[in-house]
file model20.txt (compact mmCIF, C-alpha atoms)
# COMPACT_ATOMS: atom_id res chain seq x y z
CA HIS A 1 38.45 -14.28 -84.55
CA VAL A 2 35.02 -13.40 -83.17
CA GLN A 3 34.30 -10.07 -81.51
CA LEU A 4 31.14 -9.09 -79.64
CA VAL A 5 29.94 -5.50 -79.50
CA GLU A 6 27.20 -4.49 -77.11
CA SER A 7 24.93 -1.48 -77.26
CA GLY A 8 21.72 -0.17 -75.79
CA GLY A 9 22.57 0.54 -72.18
CA GLY A 10 21.78 3.80 -70.48
CA LEU A 11 19.89 5.58 -67.74
CA VAL A 12 16.19 4.92 -67.32
CA GLN A 13 13.59 5.54 -64.65
CA ALA A 14 12.07 2.67 -62.72
CA GLY A 15 9.31 1.08 -64.74
CA GLY A 16 10.97 1.95 -68.02
CA SER A 17 12.43 -0.23 -70.74
CA LEU A 18 15.70 -0.76 -72.53
CA ARG A 19 16.83 -3.13 -75.23
CA LEU A 20 20.39 -4.38 -75.25
CA SER A 21 22.03 -5.70 -78.40
CA CYS A 22 25.09 -7.88 -78.81
CA ALA A 23 26.39 -8.20 -82.35
CA ALA A 24 29.07 -10.66 -83.37
CA SER A 25 31.61 -10.19 -86.11
CA GLY A 26 33.77 -12.92 -87.56
CA VAL A 27 33.14 -16.45 -88.74
CA ILE A 28 30.79 -18.52 -86.60
CA PHE A 29 30.70 -22.23 -87.34
CA SER A 30 29.10 -23.65 -84.21
CA ILE A 31 26.74 -22.27 -81.58
CA ASN A 32 25.94 -23.72 -78.18
CA ALA A 33 24.35 -20.81 -76.41
CA MET A 34 24.30 -17.05 -76.03
CA GLY A 35 23.62 -15.27 -72.78
CA TRP A 36 23.48 -12.05 -70.86
CA TYR A 37 25.21 -11.61 -67.52
CA ARG A 38 25.26 -8.67 -65.17
CA GLN A 39 27.50 -7.45 -62.40
CA ALA A 40 26.47 -4.87 -59.87
CA PRO A 41 29.03 -3.08 -57.68
CA GLY A 42 30.26 -5.36 -54.91
CA LYS A 43 28.40 -8.37 -56.28
CA GLN A 44 29.34 -11.41 -58.29
CA ARG A 45 28.55 -11.61 -61.96
CA GLU A 46 25.32 -13.51 -62.50
CA LEU A 47 23.64 -15.11 -65.48
CA VAL A 48 20.49 -13.18 -66.30
CA ALA A 49 19.20 -14.90 -69.44
CA GLN A 50 20.38 -17.47 -71.94
CA ILE A 51 19.21 -18.88 -75.25
CA THR A 52 20.54 -22.10 -76.72
CA SER A 53 21.07 -23.00 -80.33
CA GLY A 54 17.80 -24.90 -80.16
CA GLY A 55 15.95 -21.86 -78.88
CA THR A 56 15.57 -22.95 -75.26
CA THR A 57 15.62 -19.98 -72.92
CA TYR A 58 16.57 -19.56 -69.29
CA TYR A 59 15.93 -16.60 -66.99
CA VAL A 60 17.05 -15.94 -63.47
CA ASP A 61 14.01 -15.73 -61.21
CA SER A 62 14.41 -12.01 -60.53
CA VAL A 63 13.81 -11.09 -64.20
CA LYS A 64 11.21 -13.66 -65.24
CA GLY A 65 8.23 -11.99 -66.87
CA ARG A 66 10.14 -8.74 -67.38
CA PHE A 67 13.12 -9.61 -69.60
CA THR A 68 13.12 -11.42 -72.93
CA ILE A 69 16.14 -12.79 -74.73
CA SER A 70 16.01 -13.29 -78.48
CA ARG A 71 18.34 -13.67 -81.42
CA ASP A 72 18.53 -12.77 -85.08
CA GLY A 73 20.65 -15.38 -86.81
CA ALA A 74 20.87 -13.43 -90.03
CA LYS A 75 22.37 -10.48 -88.18
CA ASN A 76 24.42 -12.55 -85.70
CA THR A 77 22.83 -10.51 -82.95
CA VAL A 78 21.31 -11.34 -79.60
CA TYR A 79 18.93 -9.00 -77.82
CA LEU A 80 17.77 -8.52 -74.26
CA GLN A 81 14.49 -6.66 -73.99
CA MET A 82 14.16 -5.34 -70.47
CA ASN A 83 10.79 -4.05 -69.30
CA SER A 84 9.50 -2.87 -65.94
CA LEU A 85 13.02 -2.08 -64.88
CA LYS A 86 13.81 -1.78 -61.20
CA PRO A 87 16.66 0.00 -59.39
CA GLU A 88 18.04 -3.42 -58.47
CA ASP A 89 18.57 -4.13 -62.17
CA THR A 90 21.33 -1.53 -62.16
CA ALA A 91 24.56 -3.21 -63.26
CA VAL A 92 27.03 -3.62 -66.07
CA TYR A 93 25.54 -6.08 -68.52
CA TYR A 94 27.76 -8.41 -70.52
CA CYS A 95 26.91 -10.74 -73.36
CA ARG A 96 28.63 -14.09 -73.59
CA TRP A 97 28.58 -16.42 -76.55
CA ASP A 98 29.53 -20.07 -76.25
CA ILE A 99 30.46 -20.61 -79.89
CA ASN A 100 33.17 -22.10 -82.08
CA LEU A 101 34.24 -24.37 -79.20
CA GLY A 102 35.17 -21.23 -77.26
CA ASP A 103 33.91 -18.54 -74.95
CA TYR A 104 33.50 -14.92 -76.02
CA TRP A 105 32.50 -11.90 -73.96
CA GLY A 106 31.36 -8.42 -74.86
CA GLN A 107 32.89 -5.32 -73.33
CA GLY A 108 29.92 -4.58 -71.11
CA THR A 109 27.28 -1.87 -71.16
CA GLN A 110 26.06 0.09 -68.15
CA VAL A 111 22.39 -0.01 -67.23
CA THR A 112 21.29 2.40 -64.52
CA VAL A 113 17.73 2.45 -63.22
CA SER A 114 16.76 5.42 -61.10
CA SER A 115 14.01 5.26 -58.48
call {"tool": "encode", "arguments": {"input": "model20.txt", "output": "structure tokens"}}
result
Amino acid sequence: HVQLVESGGGLVQAGGSLRLSCAASGVIFSINAMGWYRQAPGKQRELVAQITSGGTTYYVDSVKGRFTISRDGAKNTVYLQMNSLKPEDTAVYYCRWDINLGDYWGQGTQVTVSS
């Protein structure tokens, strides 16, 4: 059984940076993609960034040029480097792994950007 544990959220001033981590435990035998989603109060959860097993990345327009998704296969960890943060980036961030023919989510980590 795979479990995802997120870390790295917190409170930061506008213009600052944070790096989120999502570490997987358990046996992983197939990988399609790993991604980061976010959900702000009163809004739908949205895909922020994704990286496929082949290394192709996707970013929602609002974070292009500011966020970078990466992975460390040896550590079974995916990262989201967030720079030039804006108050509108405030949300709970969730990692999602499409692996082992299934769908796994992290518990969420709060990111709050003050103006």
call {"tool": "closest_atom_pairs", "arguments": {"input": "model20.txt", "of": "region 41-86 of chain A", "to": "region 93-113 of chain A", "cutoff": "10 Å", "atoms": "only C-alpha atoms", "output": "JSON lines"}}
result
{"residue": "A:Arg45", "atom": "CA", "partner": "A:Tyr93", "partner_atom": "CA", "distance": 9.1}
{"residue": "A:Glu46", "atom": "CA", "partner": "A:Tyr93", "partner_atom": "CA", "distance": 9.6}
{"residue": "A:Leu47", "atom": "CA", "partner": "A:Tyr94", "partner_atom": "CA", "distance": 9.3}
{"residue": "A:Val48", "atom": "CA", "partner": "A:Tyr93", "partner_atom": "CA", "distance": 9.0}
{"residue": "A:Ala49", "atom": "CA", "partner": "A:Cys95", "partner_atom": "CA", "distance": 9.6}
{"residue": "A:Gln50", "atom": "CA", "partner": "A:Arg96", "partner_atom": "CA", "distance": 9.1}
{"residue": "A:Ile51", "atom": "CA", "partner": "A:Trp97", "partner_atom": "CA", "distance": 9.8}
{"residue": "A:Thr52", "atom": "CA", "partner": "A:Asp98", "partner_atom": "CA", "distance": 9.2}
{"residue": "A:Ser53", "atom": "CA", "partner": "A:Ile99", "partner_atom": "CA", "distance": 9.7}
{"residue": "A:Val78", "atom": "CA", "partner": "A:Cys95", "partner_atom": "CA", "distance": 8.4}
{"residue": "A:Tyr79", "atom": "CA", "partner": "A:Cys95", "partner_atom": "CA", "distance": 9.3}
{"residue": "A:Leu80", "atom": "CA", "partner": "A:Cys95", "partner_atom": "CA", "distance": 9.4}
{"residue": "A:Leu85", "atom": "CA", "partner": "A:Val113", "partner_atom": "CA", "distance": 6.7}
{"residue": "A:Lys86", "atom": "CA", "partner": "A:Val113", "partner_atom": "CA", "distance": 6.1}
call {"tool": "atom_distance", "arguments": {"input": "model20.txt", "atom1": "CA of Gln81 (chain A)", "atom2": "CA of His1 (chain A)"}}
result
27.3 Å
call {"tool": "closest_residue", "arguments": {"input": "model20.txt", "among": "A:Thr90, A:Ser84, A:Asn32, A:Gln44", "to": "Ala14 (chain A)", "atoms": "all atoms listed in the file"}}
result
A:Ser84
call {"tool": "closest_residue", "arguments": {"input": "model20.txt", "among": "A:Ser115, A:Arg19, A:Arg38, A:Glu88", "to": "Ile69 (chain A)", "atoms": "all atoms listed in the file"}}
result
A:Arg19
call {"tool": "closest_residue", "arguments": {"input": "model20.txt", "among": "A:Ser114, A:Thr68, A:Ser62, A:Gln13", "to": "Met82 (chain A)", "atoms": "all atoms listed in the file"}}
result
A:Thr68
call {"tool": "build_atoms", "arguments": {"input": "model20.txt", "residues": "region 45-64 of chain A", "atoms": "N, CA and C atoms", "output": "tab-separated table (two decimals), in the coordinates of the input"}}
result
chain	number	residue	atom	x	y	z
A	45	ARG	N	29.23	-11.60	-60.67
A	45	ARG	CA	28.55	-11.61	-61.96
A	45	ARG	C	27.55	-12.76	-61.98
A	46	GLU	N	26.35	-12.49	-62.48
A	46	GLU	CA	25.32	-13.51	-62.50
A	46	GLU	C	24.73	-13.65	-63.90
A	47	LEU	N	24.32	-14.86	-64.21
A	47	LEU	CA	23.64	-15.11	-65.48
A	47	LEU	C	22.20	-14.60	-65.37
A	48	VAL	N	21.82	-13.77	-66.30
A	48	VAL	CA	20.49	-13.18	-66.30
A	48	VAL	C	19.56	-13.95	-67.24
A	49	ALA	N	20.03	-14.23	-68.44
A	49	ALA	CA	19.20	-14.90	-69.44
A	49	ALA	C	20.11	-15.61	-70.43
A	50	GLN	N	19.60	-16.69	-70.99
A	50	GLN	CA	20.38	-17.47	-71.94
A	50	GLN	C	19.45	-18.07	-72.98
A	51	ILE	N	19.96	-18.20	-74.19
A	51	ILE	CA	19.21	-18.88	-75.25
A	51	ILE	C	20.15	-19.86	-75.92
A	52	THR	N	19.70	-21.08	-76.10
A	52	THR	CA	20.54	-22.10	-76.72
A	52	THR	C	20.36	-22.11	-78.23
A	53	SER	N	21.18	-22.90	-78.88
A	53	SER	CA	21.07	-23.00	-80.33
A	53	SER	C	19.72	-23.57	-80.74
A	54	GLY	N	19.11	-24.35	-79.86
A	54	GLY	CA	17.80	-24.90	-80.16
A	54	GLY	C	16.66	-23.98	-79.79
A	55	GLY	N	16.98	-22.84	-79.21
A	55	GLY	CA	15.95	-21.86	-78.88
A	55	GLY	C	15.43	-21.94	-77.45
A	56	THR	N	15.99	-22.86	-76.66
A	56	THR	CA	15.57	-22.95	-75.26
A	56	THR	C	16.09	-21.75	-74.49
A	57	THR	N	15.23	-21.17	-73.68
A	57	THR	CA	15.62	-19.98	-72.92
A	57	THR	C	15.64	-20.28	-71.43
A	58	TYR	N	16.47	-19.51	-70.76
A	58	TYR	CA	16.57	-19.56	-69.29
A	58	TYR	C	16.58	-18.13	-68.78
A	59	TYR	N	15.91	-17.91	-67.65
A	59	TYR	CA	15.93	-16.60	-66.99
A	59	TYR	C	16.15	-16.80	-65.50
A	60	VAL	N	16.94	-15.94	-64.92
A	60	VAL	CA	17.05	-15.94	-63.47
A	60	VAL	C	15.71	-15.48	-62.91
A	61	ASP	N	15.35	-15.99	-61.75
A	61	ASP	CA	14.01	-15.73	-61.21
A	61	ASP	C	13.69	-14.24	-61.11
A	62	SER	N	14.66	-13.43	-60.78
A	62	SER	CA	14.41	-12.01	-60.53
A	62	SER	C	13.98	-11.23	-61.78
A	63	VAL	N	14.18	-11.81	-62.98
A	63	VAL	CA	13.81	-11.09	-64.20
A	63	VAL	C	12.70	-11.79	-64.99
A	64	LYS	N	12.26	-12.93	-64.51
A	64	LYS	CA	11.21	-13.66	-65.24
A	64	LYS	C	9.96	-12.80	-65.39
